[in-house]
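Reproduced below: my_file.cif, with mmCIF, C-alpha atoms.
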data_input
#
loop_
_atom_site.group_PDB
_atom_site.id
_atom_site.type_symbol
_atom_site.label_atom_id
_atom_site.label_comp_id
_atom_site.auth_asym_id
_atom_site.auth_seq_id
_atom_site.Cartn_x
_atom_site.Cartn_y
_atom_site.Cartn_z
ATOM 1 C CA MET A 18 -35.171 -5.611 -51.971
ATOM 2 C CA ASN A 19 -34.874 -7.413 -48.661
ATOM 3 C CA ARG A 20 -32.556 -6.340 -45.862
ATOM 4 C CA THR A 21 -29.879 -8.953 -46.569
ATOM 5 C CA HIS A 22 -29.776 -7.995 -50.241
ATOM 6 C CA LYS A 23 -29.478 -4.302 -49.327
ATOM 7 C CA LEU A 24 -26.657 -4.879 -46.794
ATOM 8 C CA THR A 25 -24.798 -7.094 -49.260
ATOM 9 C CA LEU A 26 -25.069 -4.456 -51.963
ATOM 10 C CA MET A 27 -23.837 -1.806 -49.512
ATOM 11 C CA ALA A 28 -20.846 -3.992 -48.565
ATOM 12 C CA MET A 29 -20.003 -4.570 -52.221
ATOM 13 C CA LEU A 30 -20.127 -0.830 -52.970
ATOM 14 C CA ILE A 31 -17.854 -0.142 -49.981
ATOM 15 C CA ALA A 32 -15.399 -2.758 -51.251
ATOM 16 C CA ILE A 33 -15.455 -1.249 -54.734
ATOM 17 C CA GLY A 34 -14.792 2.191 -53.237
ATOM 18 C CA ILE A 35 -11.799 0.943 -51.226
ATOM 19 C CA VAL A 36 -10.243 -1.063 -54.062
ATOM 20 C CA GLY A 37 -10.884 1.791 -56.475
ATOM 21 C CA ALA A 38 -9.142 4.238 -54.135
ATOM 22 C CA THR A 39 -6.130 1.951 -54.013
ATOM 23 C CA PHE A 40 -5.611 1.780 -57.750
ATOM 24 C CA ILE A 41 -7.464 4.679 -59.392
ATOM 25 C CA TRP A 42 -6.519 8.162 -58.290
ATOM 26 C CA PHE A 43 -4.796 11.202 -59.731
ATOM 27 C CA PRO A 44 -3.460 14.480 -58.341
ATOM 28 C CA ALA A 45 -5.966 17.341 -58.493
ATOM 29 C CA GLY A 46 -4.636 20.582 -57.093
ATOM 30 C CA VAL A 47 -4.209 20.419 -53.325
ATOM 31 C CA ALA A 48 -5.766 16.968 -53.020
ATOM 32 C CA ARG A 49 -5.930 13.620 -54.732
ATOM 33 C CA ALA A 50 -8.932 12.817 -56.886
ATOM 34 C CA TYR A 51 -10.613 9.494 -56.173
ATOM 35 C CA PRO A 52 -13.241 9.205 -58.917
ATOM 36 C CA VAL A 53 -14.390 5.727 -57.873
ATOM 37 C CA GLN A 54 -15.563 7.134 -54.506
ATOM 38 C CA HIS A 55 -17.806 9.605 -56.295
ATOM 39 C CA ALA A 56 -19.043 7.008 -58.774
ATOM 40 C CA VAL A 57 -20.011 4.775 -55.842
ATOM 41 C CA ASN A 58 -21.780 7.736 -54.196
ATOM 42 C CA VAL A 59 -23.960 8.327 -57.257
ATOM 43 C CA ILE A 60 -24.695 4.642 -57.826
ATOM 44 C CA ALA A 61 -25.603 4.152 -54.152
ATOM 45 C CA ALA A 62 -27.765 7.286 -54.161
ATOM 46 C CA VAL A 63 -29.710 6.109 -57.213
ATOM 47 C CA ILE A 64 -30.119 2.463 -56.269
ATOM 48 C CA LEU A 65 -30.375 2.645 -52.456
ATOM 49 C CA GLY A 66 -31.294 6.240 -51.580
ATOM 50 C CA PRO A 67 -29.650 9.036 -49.603
ATOM 51 C CA GLY A 68 -29.416 7.315 -46.184
ATOM 52 C CA PRO A 69 -27.508 4.220 -47.306
ATOM 53 C CA ALA A 70 -25.418 6.355 -49.691
ATOM 54 C CA ILE A 71 -24.239 8.490 -46.754
ATOM 55 C CA LEU A 72 -23.402 5.369 -44.725
ATOM 56 C CA ILE A 73 -21.439 3.946 -47.656
ATOM 57 C CA ALA A 74 -19.546 7.229 -48.136
ATOM 58 C CA PHE A 75 -18.747 7.342 -44.405
ATOM 59 C CA ALA A 76 -17.545 3.720 -44.370
ATOM 60 C CA ILE A 77 -15.345 4.259 -47.423
ATOM 61 C CA GLY A 78 -13.881 7.434 -45.910
ATOM 62 C CA LEU A 79 -13.238 5.704 -42.582
ATOM 63 C CA LEU A 80 -11.599 2.652 -44.145
ATOM 64 C CA ARG A 81 -9.520 4.801 -46.506
ATOM 65 C CA ASN A 82 -8.235 6.752 -43.509
ATOM 66 C CA LEU A 83 -7.509 3.595 -41.514
ATOM 67 C CA LEU A 84 -5.628 2.111 -44.480
ATOM 68 C CA GLY A 85 -3.669 5.313 -45.134
ATOM 69 C CA LEU A 86 -5.327 5.891 -48.509
ATOM 70 C CA GLY A 87 -7.007 9.196 -47.694
ATOM 71 C CA THR A 88 -7.279 12.144 -45.370
ATOM 72 C CA ILE A 89 -9.950 13.570 -43.124
ATOM 73 C CA LEU A 90 -11.165 15.503 -46.186
ATOM 74 C CA ALA A 91 -12.769 12.289 -47.482
ATOM 75 C CA PHE A 92 -15.639 12.728 -45.018
ATOM 76 C CA PRO A 93 -17.177 16.100 -45.888
ATOM 77 C CA GLY A 94 -16.874 15.682 -49.645
ATOM 78 C CA GLY A 95 -18.079 12.108 -49.873
ATOM 79 C CA MET A 96 -20.953 12.423 -47.435
ATOM 80 C CA ALA A 97 -22.252 15.785 -48.706
ATOM 81 C CA GLY A 98 -22.133 14.541 -52.292
ATOM 82 C CA ALA A 99 -23.917 11.288 -51.461
ATOM 83 C CA LEU A 100 -26.627 13.136 -49.528
ATOM 84 C CA LEU A 101 -27.338 15.686 -52.240
ATOM 85 C CA ALA A 102 -27.187 13.091 -55.034
ATOM 86 C CA GLY A 103 -29.683 10.910 -53.179
ATOM 87 C CA LEU A 104 -32.066 13.725 -52.324
ATOM 88 C CA ILE A 105 -32.064 15.214 -55.808
ATOM 89 C CA TYR A 106 -32.522 11.789 -57.407
ATOM 90 C CA ARG A 107 -35.415 11.018 -55.041
ATOM 91 C CA TRP A 108 -37.064 14.294 -56.055
ATOM 92 C CA SER A 109 -36.489 14.123 -59.828
ATOM 93 C CA LYS A 110 -36.014 10.395 -60.614
ATOM 94 C CA LYS A 111 -33.365 11.357 -63.197
ATOM 95 C CA LYS A 112 -29.887 9.859 -63.181
ATOM 96 C CA SER A 113 -28.456 13.111 -64.505
ATOM 97 C CA SER A 114 -29.862 14.904 -61.463
ATOM 98 C CA ALA A 115 -27.980 12.546 -59.151
ATOM 99 C CA VAL A 116 -24.797 13.318 -61.086
ATOM 100 C CA ILE A 117 -25.378 17.055 -60.675
ATOM 101 C CA GLY A 118 -26.176 16.541 -56.984
ATOM 102 C CA GLU A 119 -22.874 14.731 -56.454
ATOM 103 C CA ILE A 120 -20.909 17.469 -58.196
ATOM 104 C CA ILE A 121 -22.613 20.287 -56.269
ATOM 105 C CA GLY A 122 -22.606 18.375 -52.981
ATOM 106 C CA THR A 123 -18.940 17.438 -53.126
ATOM 107 C CA GLY A 124 -17.515 20.190 -55.304
ATOM 108 C CA PHE A 125 -19.048 23.113 -53.468
ATOM 109 C CA ILE A 126 -20.692 22.100 -50.185
ATOM 110 C CA GLY A 127 -18.126 19.417 -49.291
ATOM 111 C CA SER A 128 -15.208 21.666 -50.167
ATOM 112 C CA LEU A 129 -16.579 24.418 -47.937
ATOM 113 C CA LEU A 130 -17.102 21.940 -45.099
ATOM 114 C CA ALA A 131 -13.494 20.793 -45.575
ATOM 115 C CA VAL A 132 -12.055 24.202 -44.669
ATOM 116 C CA PRO A 133 -12.647 24.030 -40.894
ATOM 117 C CA LEU A 134 -11.728 20.329 -40.812
ATOM 118 C CA ALA A 135 -8.443 20.997 -42.579
ATOM 119 C CA GLN A 136 -7.730 23.879 -40.210
ATOM 120 C CA PHE A 137 -8.430 21.807 -37.114
ATOM 121 C CA PHE A 138 -6.932 18.434 -38.091
ATOM 122 C CA LEU A 139 -4.267 19.315 -40.672
ATOM 123 C CA GLY A 140 -3.203 22.717 -39.363
ATOM 124 C CA HIS A 141 -3.968 24.658 -42.546
ATOM 125 C CA GLY A 142 -7.366 25.639 -43.786
ATOM 126 C CA GLY A 143 -6.603 27.700 -46.820
ATOM 127 C CA GLY A 144 -9.338 29.948 -48.082
ATOM 128 C CA ALA A 145 -12.871 28.947 -48.856
ATOM 129 C CA LEU A 146 -11.954 28.659 -52.548
ATOM 130 C CA PHE A 147 -8.819 26.608 -51.806
ATOM 131 C CA PHE A 148 -10.464 23.172 -52.049
ATOM 132 C CA ILE A 149 -13.174 23.831 -54.637
ATOM 133 C CA PRO A 150 -11.142 23.104 -57.827
ATOM 134 C CA ALA A 151 -9.753 19.797 -56.526
ATOM 135 C CA PHE A 152 -13.112 18.640 -55.167
ATOM 136 C CA LEU A 153 -14.846 19.628 -58.417
ATOM 137 C CA VAL A 154 -12.399 17.686 -60.598
ATOM 138 C CA SER A 155 -12.666 14.616 -58.387
ATOM 139 C CA SER A 156 -16.457 14.643 -58.108
ATOM 140 C CA ALA A 157 -17.093 15.478 -61.767
ATOM 141 C CA SER A 158 -14.874 12.670 -63.053
ATOM 142 C CA GLY A 159 -16.482 10.107 -60.742
ATOM 143 C CA ALA A 160 -20.020 11.331 -61.329
ATOM 144 C CA VAL A 161 -19.601 11.046 -65.105
ATOM 145 C CA LEU A 162 -18.208 7.537 -64.628
ATOM 146 C CA ALA A 163 -21.313 6.641 -62.579
ATOM 147 C CA TRP A 164 -23.575 8.148 -65.229
ATOM 148 C CA ILE A 165 -21.993 5.892 -67.859
ATOM 149 C CA ILE A 166 -22.444 2.846 -65.624
ATOM 150 C CA LEU A 167 -26.029 3.717 -64.659
ATOM 151 C CA ALA A 168 -26.969 4.265 -68.299
ATOM 152 C CA ARG A 169 -26.379 0.550 -68.813
ATOM 153 C CA ILE A 170 -28.685 -0.523 -65.972
ATOM 154 C CA PRO A 171 -32.422 -0.717 -66.717
ATOM 155 C CA LYS A 172 -34.595 1.558 -64.576
ATOM 156 C CA GLU A 173 -36.586 -1.437 -63.263
ATOM 157 C CA LYS A 174 -33.478 -2.524 -61.335
ATOM 158 C CA PHE A 175 -33.659 0.637 -59.204
ATOM 159 C CA LYS A 176 -36.813 -0.446 -57.388
ATOM 160 C CA ILE A 177 -36.169 -0.901 -53.678
#

As a first step, turn the structure in this file into structure tokens.
Amino acid sequence: MNRTHKLTLMAMLIAIGIVGATFIWFPAGVARAYPVQHAVNVIAAVILGPGPAILIAFAIGLLRNLLGLGTILAFPGGMAGALLAGLIYRWSKKKSSAVIGEIIGTGFIGSLLAVPLAQFFLGHGGGALFFIPAFLVSSASGAVLAWIILARIPKEKFKI
């Protein structure tokens, strides 16, 4: 995959994440669940690797915040999930491992990273377990969606 192809694919995934956040969300405890963000994280992690997946998650979080579609909590969840999904997929080469990486990365690690951010920027941190259920629901729904999509793509298409 040449550089132009890779950047174009990254831009398309960012666009899908932004449009998906506009139309597909549901309340999940203390936060809103944006499953398309997590589906994009897993797809980017599998096809492009952990580095580009983190950049895509950051760009989606930044644009969602600038457009008023999200909060500062989009950063720790999205980026931690993309990183872990990419690293675990790189190690195992199994799509299901990327799904599990997204759920653990966002649902547990990202939710724990959200506590100090929420305290500093939003004025309330809650407890360490405050964000876990919402982040788990959001990441699990999106990761399963990505798994369904990736099951339809032949493995030869994942070569970079």

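With CA of Ile73 (chain A) on one side and CA of Thr39 (chain A) on the other, the separation reads 16.7 Å.
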
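The spacing separating CA of Ile105 (chain A) from CA of Ile64 (chain A) amounts to 12.9 Å.
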
What is the distance between CA of Ala157 (chain A) and CA of Ala76 (chain A), in Å to one decimal?
21.0 Å

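The nearest approach to Ile170 (chain A) among the residues A:Arg107, A:Arg49, A:Lys112, A:His55, with all atoms listed in the file taken into account, belongs to A:Lys112.
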
Determine the residue set returned by the PyMOL selection byres ((chain A and resi 125) around 9) for the present structure, and present it as a ChimeraX atom specification.
/A:94,120-124,126-130,148-149,152-153

C-alpha atoms of the current selection, written as an mmCIF file, in the coordinates of the input:
data_model
loop_
_atom_site.group_PDB
_atom_site.id
_atom_site.type_symbol
_atom_site.label_atom_id
_atom_site.label_comp_id
_atom_site.auth_asym_id
_atom_site.auth_seq_id
_atom_site.Cartn_x
_atom_site.Cartn_y
_atom_site.Cartn_z
ATOM 1 C CA GLY A 94 -16.874 15.682 -49.645
ATOM 2 C CA ILE A 120 -20.909 17.469 -58.196
ATOM 3 C CA ILE A 121 -22.613 20.287 -56.269
ATOM 4 C CA GLY A 122 -22.606 18.375 -52.981
ATOM 5 C CA THR A 123 -18.940 17.438 -53.126
ATOM 6 C CA GLY A 124 -17.515 20.190 -55.304
ATOM 7 C CA ILE A 126 -20.692 22.100 -50.185
ATOM 8 C CA GLY A 127 -18.126 19.417 -49.291
ATOM 9 C CA SER A 128 -15.208 21.666 -50.167
ATOM 10 C CA LEU A 129 -16.579 24.418 -47.937
ATOM 11 C CA LEU A 130 -17.102 21.940 -45.099
ATOM 12 C CA PHE A 148 -10.464 23.172 -52.049
ATOM 13 C CA ILE A 149 -13.174 23.831 -54.637
ATOM 14 C CA PHE A 152 -13.112 18.640 -55.167
ATOM 15 C CA LEU A 153 -14.846 19.628 -58.417
#

If we draw a sphere of 12 Å around (-13.7, 4.5, -50.4), which residues have at least one atom in it when counting all atoms listed in the file? Please report them as a PDB file with C-alpha atoms, in the frame of the given file.
ATOM      1  CA  MET A  27     -23.837  -1.806 -49.512  1.00  0.00           C
ATOM      2  CA  ALA A  28     -20.846  -3.992 -48.565  1.00  0.00           C
ATOM      3  CA  MET A  29     -20.003  -4.570 -52.221  1.00  0.00           C
ATOM      4  CA  LEU A  30     -20.127  -0.830 -52.970  1.00  0.00           C
ATOM      5  CA  ILE A  31     -17.854  -0.142 -49.981  1.00  0.00           C
ATOM      6  CA  ALA A  32     -15.399  -2.758 -51.251  1.00  0.00           C
ATOM      7  CA  ILE A  33     -15.455  -1.249 -54.734  1.00  0.00           C
ATOM      8  CA  GLY A  34     -14.792   2.191 -53.237  1.00  0.00           C
ATOM      9  CA  ILE A  35     -11.799   0.943 -51.226  1.00  0.00           C
ATOM     10  CA  VAL A  36     -10.243  -1.063 -54.062  1.00  0.00           C
ATOM     11  CA  GLY A  37     -10.884   1.791 -56.475  1.00  0.00           C
ATOM     12  CA  ALA A  38      -9.142   4.238 -54.135  1.00  0.00           C
ATOM     13  CA  THR A  39      -6.130   1.951 -54.013  1.00  0.00           C
ATOM     14  CA  PHE A  40      -5.611   1.780 -57.750  1.00  0.00           C
ATOM     15  CA  ILE A  41      -7.464   4.679 -59.392  1.00  0.00           C
ATOM     16  CA  TRP A  42      -6.519   8.162 -58.290  1.00  0.00           C
ATOM     17  CA  ALA A  50      -8.932  12.817 -56.886  1.00  0.00           C
ATOM     18  CA  TYR A  51     -10.613   9.494 -56.173  1.00  0.00           C
ATOM     19  CA  PRO A  52     -13.241   9.205 -58.917  1.00  0.00           C
ATOM     20  CA  VAL A  53     -14.390   5.727 -57.873  1.00  0.00           C
ATOM     21  CA  GLN A  54     -15.563   7.134 -54.506  1.00  0.00           C
ATOM     22  CA  HIS A  55     -17.806   9.605 -56.295  1.00  0.00           C
ATOM     23  CA  ALA A  56     -19.043   7.008 -58.774  1.00  0.00           C
ATOM     24  CA  VAL A  57     -20.011   4.775 -55.842  1.00  0.00           C
ATOM     25  CA  ASN A  58     -21.780   7.736 -54.196  1.00  0.00           C
ATOM     26  CA  ALA A  70     -25.418   6.355 -49.691  1.00  0.00           C
ATOM     27  CA  ILE A  71     -24.239   8.490 -46.754  1.00  0.00           C
ATOM     28  CA  LEU A  72     -23.402   5.369 -44.725  1.00  0.00           C
ATOM     29  CA  ILE A  73     -21.439   3.946 -47.656  1.00  0.00           C
ATOM     30  CA  ALA A  74     -19.546   7.229 -48.136  1.00  0.00           C
ATOM     31  CA  PHE A  75     -18.747   7.342 -44.405  1.00  0.00           C
ATOM     32  CA  ALA A  76     -17.545   3.720 -44.370  1.00  0.00           C
ATOM     33  CA  ILE A  77     -15.345   4.259 -47.423  1.00  0.00           C
ATOM     34  CA  GLY A  78     -13.881   7.434 -45.910  1.00  0.00           C
ATOM     35  CA  LEU A  79     -13.238   5.704 -42.582  1.00  0.00           C
ATOM     36  CA  LEU A  80     -11.599   2.652 -44.145  1.00  0.00           C
ATOM     37  CA  ARG A  81      -9.520   4.801 -46.506  1.00  0.00           C
ATOM     38  CA  ASN A  82      -8.235   6.752 -43.509  1.00  0.00           C
ATOM     39  CA  LEU A  83      -7.509   3.595 -41.514  1.00  0.00           C
ATOM     40  CA  LEU A  84      -5.628   2.111 -44.480  1.00  0.00           C
ATOM     41  CA  GLY A  85      -3.669   5.313 -45.134  1.00  0.00           C
ATOM     42  CA  LEU A  86      -5.327   5.891 -48.509  1.00  0.00           C
ATOM     43  CA  GLY A  87      -7.007   9.196 -47.694  1.00  0.00           C
ATOM     44  CA  THR A  88      -7.279  12.144 -45.370  1.00  0.00           C
ATOM     45  CA  ALA A  91     -12.769  12.289 -47.482  1.00  0.00           C
ATOM     46  CA  PHE A  92     -15.639  12.728 -45.018  1.00  0.00           C
ATOM     47  CA  GLY A  94     -16.874  15.682 -49.645  1.00  0.00           C
ATOM     48  CA  GLY A  95     -18.079  12.108 -49.873  1.00  0.00           C
ATOM     49  CA  MET A  96     -20.953  12.423 -47.435  1.00  0.00           C
TER      50      MET A  96
END

Might I get the box with edges along x, y and z of the file that holds all atoms of region 49-65 of chain A listed there, padded by 8 Å on every side, given as centre and edge lengths in Å to one decimal, as JSON?
{"center_x": -18.2, "center_y": 8.0, "center_z": -55.7, "size_x": 40.4, "size_y": 27.2, "size_z": 22.5}

Specify as a list in words each residue included when the PyMOL selection byres ((chain A and resi 132) around 10) is applied to this file.
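Selected by the PyMOL selection byres ((chain A and resi 132) around 10) in this file: Leu90, Pro93, Gly127, Ser128, Leu129, Leu130, Ala131, Pro133, Leu134, Ala135, Gln136, Phe137, His141, Gly142, Gly143, Gly144, Ala145, Leu146, Phe147 and Phe148 of chain A.
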
Using the chain letters and numbers from the file, give me the residues hit by the PyMOL selection byres ((chain A and resi 166) around 12), as a PyMOL selection string.
chain A and resi 53+56-57+59-61+63+112-113+116+159-165+167-171

For the residues in that selection, give me C-alpha atoms as a compact mmCIF listing (two decimals), keeping the file's coordinate frame.
# COMPACT_ATOMS: atom_id res chain seq x y z
CA VAL A 53 -14.39 5.73 -57.87
CA ALA A 56 -19.04 7.01 -58.77
CA VAL A 57 -20.01 4.78 -55.84
CA VAL A 59 -23.96 8.33 -57.26
CA ILE A 60 -24.70 4.64 -57.83
CA ALA A 61 -25.60 4.15 -54.15
CA VAL A 63 -29.71 6.11 -57.21
CA LYS A 112 -29.89 9.86 -63.18
CA SER A 113 -28.46 13.11 -64.50
CA VAL A 116 -24.80 13.32 -61.09
CA GLY A 159 -16.48 10.11 -60.74
CA ALA A 160 -20.02 11.33 -61.33
CA VAL A 161 -19.60 11.05 -65.10
CA LEU A 162 -18.21 7.54 -64.63
CA ALA A 163 -21.31 6.64 -62.58
CA TRP A 164 -23.58 8.15 -65.23
CA ILE A 165 -21.99 5.89 -67.86
CA LEU A 167 -26.03 3.72 -64.66
CA ALA A 168 -26.97 4.26 -68.30
CA ARG A 169 -26.38 0.55 -68.81
CA ILE A 170 -28.68 -0.52 -65.97
CA PRO A 171 -32.42 -0.72 -66.72

Which residue, A:Ala45, A:Ala62, A:Ala151, A:Leu24, has the smallest gap to Leu104 (chain A) when you use all atoms listed in the file?
A:Ala62
